[in-house]
Amino acid sequence: MRTREAALVGIGRTAFSKASGQTPLAMAAAAARAALDDAGLRGDEVDGIVDFHTNDSASATDLGRAIGALDLGLAADVHGGGNLAVTVMGQAFAAVQAGICDTVVVFRSLNGRSGNRYGRGERPALAMRGELQFSALNGYVIPPMWIAMFAQRHKHVYGTTDEDFGEIAITMRRHAAANPHAMQRKVIDMDDYLSARWICEPFRLYDCCLETDGAVALVVTTLDRARDLRHEPIRMAGFGEAHTNGGSWTNFPDLSDMYSAYASKRLWASTDLRPADMDVACMYDCFTGTVMATFEDYGFCGKGETGAFFRENRATYGGDVVVNPHGGLLSEGYLHGLNHHYEAALQLRGDAGDRQVPGARRALVTAGAGPSGGALIWEGTR
C-alpha cells in the first residue's frame with residue numbers, strides 16, 4: 001500500500017440542545033454537509049465514513065446515501081462511547097495514509113437528552129453481560145457511578161478536595177460564557193458549585209457533563225488535496241491510545257489513575273512535542289474527576305496538583321495552557337468528545353472569535369476515562 005500524508009480539512013455541527021426534534025440520521029447529514037461545505041468538497045467525493053456509537057446514532061452507509069457518497073471503500077460503525085473519539089480520527093487518518101480512501105467523514109450523532117438517556121442506563125448497550133451482571137445487583141451500572149469511585153480514590157490518595165473539582169467546573173463554565181454554541185453559559189462561582197445537588201458523591205450537578213442532542217462531523221483527506229481547499233490543513237502531530245485491563249471499571253489496578261497513565265507514554269513517544277508545547281488542551285470532561293486524573297497523567301502537573309493548577313488560573317487565558325476554551329462537555333455539550341476536535345480546529349485556524357487563544361498552533365485532544373481512551377495532537381500549518 002502507498003503511504004501519504006493526511007490532514008483535517010473540514011468541520012461541521014448542528015445546534016446542541018435538549019430536544020432536537022430530528023433523527024440522528026438527519027442531524028448527521030446536516031453536520032456532514034456543513035463539514036464538506038467548510039472544506040469545499042462534495043458528498044460524492046467522500047469514499048470513507050467512520051462513526052462511533054453506544055446509544056442513538058446513524059450508520060455509515062445510511063449517512064453515505066444521505067449525502068450522496070454511494071461508493072464507500074470504508075464504512076465503519078464502531079461500538080463505543082467517548083473512549084473512541086480519538087480512535088476514530090486515527091482510523092480516518094490511517095485509511096487516507098494507506099490509500100484505502102481519499103476523503104473520509106467522521107461523525108457522531110445522537111439524541112442524548114430527548115432519546116435514550118445515557119445516564120439512566122436506558123440504552124441497549126447496557127445489557128447485563130460480563131462483569132456488569134454482578135455489579136448490577138448493587139445498582140452499579142452507569143458511568144457517573146464508576147468514575148465517582150475513581151474520584152473518591154483520588155481524594156483518598158492525594159487529599160483532593162471538593163473545591164478542587166469545583167475549580168474545574170467553574171473554569172469550564174467561564175470559558176463557555178464566550179461560546180454562543182454552548183448549552184450552558186451562565187457563570188458559576190464556588191458557592192453555586194458547592195450548593196448544587198448531589199449526583200453521585202463526590203460529584204455534584206456541575207461535575208457532570210450535559211446530556212445533549214446534536215451531531216458533529218469532521219473531514220479528512222490527503223495533504224496534497226488539502227492544500228487546494230478552503231482552509232489551511234491541520235496535521236496530526238502525535239497519537240497514543242490505551243485500552244487496558246480488559247475494559248474493566250471494577251478491576252482497574254489503581255483508581256487514582258486512568259487509561260491515560262498508559263496512553264500518555266505512547267503519545268509522547270510518538271512526537272518530540274511535550275505538554276509545555278500545547279497552546280490548547282481539549283481534555284475529555286465527562287466528569288470533573290476525569291479531567292483531574294487525565295490532566296495529571298498527560299503531564300501538565302504532578303499527581304494531586306490539578307486543583308491548584310486551575311485555582312491559580314494556569315488552565316485559562318494568560319496561563320500555561322487553555323483547557324477547553326469552548327467550555328467542554330461540561331458546559332458546551334456532550335457529543336461523546338467529537339466536539340473537542342471541532343474546537344481544536346477552530347482555535348488552530350484562528351476562527352474561534354471571542355474565545356480565541358492568541359497564537360494557538362497546537363492542541364491536545366483527549367478521549368475516554370477509566371480503562372480506555374487516547375489522545376492526539378493537532379498542529380496548525382498557518
# chains A, B, ... in the order shown; residues from 1 in each chain; ligands from 1
>>> closest_atom_pairs(of="range 94-169 of chain A", to="range 295-298 of chain A", cutoff="12 Å", atoms="only C-alpha atoms", output="JSON lines")
{"residue": "A:His154", "atom": "CA", "partner": "A:Glu296", "partner_atom": "CA", "distance": 11.3}
{"residue": "A:Tyr158", "atom": "CA", "partner": "A:Glu296", "partner_atom": "CA", "distance": 11.9}
{"residue": "A:Ile168", "atom": "CA", "partner": "A:Phe295", "partner_atom": "CA", "distance": 11.0}
>>> write_last_selection(atoms="N, CA, C and O atoms", output="PDB file, in the first residue's frame")
ATOM      1  N   HIS A 154      -8.934   9.194  44.245  1.00  0.00           N
ATOM      2  CA  HIS A 154      -8.020  10.328  44.065  1.00  0.00           C
ATOM      3  C   HIS A 154      -8.029  11.197  45.318  1.00  0.00           C
ATOM      4  O   HIS A 154      -6.973  11.656  45.790  1.00  0.00           O
ATOM      5  N   TYR A 158      -4.501  11.538  47.355  1.00  0.00           N
ATOM      6  CA  TYR A 158      -3.805  12.818  47.180  1.00  0.00           C
ATOM      7  C   TYR A 158      -4.389  13.966  48.000  1.00  0.00           C
ATOM      8  O   TYR A 158      -3.900  15.095  47.907  1.00  0.00           O
ATOM      9  N   ILE A 168     -12.418  23.129  38.420  1.00  0.00           N
ATOM     10  CA  ILE A 168     -12.530  22.686  37.030  1.00  0.00           C
ATOM     11  C   ILE A 168     -13.883  23.087  36.459  1.00  0.00           C
ATOM     12  O   ILE A 168     -13.969  23.674  35.371  1.00  0.00           O
TER      13      ILE A 168
END
>>> closest_atom_pairs(of="range 125-196 of chain A", to="range 354-368 of chain A", cutoff="10 Å", atoms="only C-alpha atoms", output="tab-separated table")
residue	atom	partner	partner_atom	distance
A:His175	CA	A:Arg355	CA	7.3
A:Ala176	CA	A:Arg355	CA	8.6
A:Ala177	CA	A:Arg355	CA	9.1
A:Ala178	CA	A:Arg355	CA	5.8
A:Asn179	CA	A:Arg355	CA	6.9
A:Pro180	CA	A:Asp354	CA	9.7
>>> closest_atom_pairs(of="range 7-28 of chain A", to="range 220-244 of chain A", cutoff="7 Å", atoms="only C-alpha atoms", output="tab-separated table")
residue	atom	partner	partner_atom	distance
A:Ala7	CA	A:Arg235	CA	4.9
A:Leu8	CA	A:Val220	CA	4.6
A:Val9	CA	A:Pro233	CA	5.4
>>> write_last_selection(atoms="C-alpha atoms", output="short mmCIF file (atom, residue, chain, number, x, y, z; two decimals), in the first residue's frame")
data_model
loop_
_atom_site.label_atom_id
_atom_site.label_comp_id
_atom_site.auth_asym_id
_atom_site.auth_seq_id
_atom_site.Cartn_x
_atom_site.Cartn_y
_atom_site.Cartn_z
CA ALA A 7 -4.96 16.35 7.07
CA LEU A 8 -8.11 17.57 8.82
CA VAL A 9 -9.81 19.93 6.37
#
>>> residues_around(residues="Ile100 in chain A", least_positions_apart="4", cutoff="9 Å", atoms="only C-alpha atoms", output="list in words")
Met1, Asp47, Gly48, Gly73, Leu74, Ala94, Ala95 and Val96 of chain A
>>> closest_atom_pairs(of="range 39-59 of chain A", to="range 79-83 of chain A", cutoff="12 Å", atoms="only C-alpha atoms", output="Markdown table")
| residue | atom | partner | partner_atom | distance |
| --- | --- | --- | --- | --- |
| A:Val50 | CA | A:His79 | CA | 11.0 |
| A:Asp51 | CA | A:His79 | CA | 8.6 |
| A:Phe52 | CA | A:His79 | CA | 5.6 |
| A:His53 | CA | A:His79 | CA | 5.3 |
| A:Thr54 | CA | A:Gly80 | CA | 5.1 |
| A:Asn55 | CA | A:Gly81 | CA | 8.6 |
| A:Asp56 | CA | A:Gly81 | CA | 10.9 |
| A:Ser57 | CA | A:His79 | CA | 10.4 |
| A:Ala58 | CA | A:His79 | CA | 11.9 |
| A:Ser59 | CA | A:His79 | CA | 11.0 |
>>> closest_residue(among="A:Asp277, A:Glu163, A:Asp44, A:Asp254", to="Asp192 in chain A", atoms="only C-alpha atoms")
A:Glu163
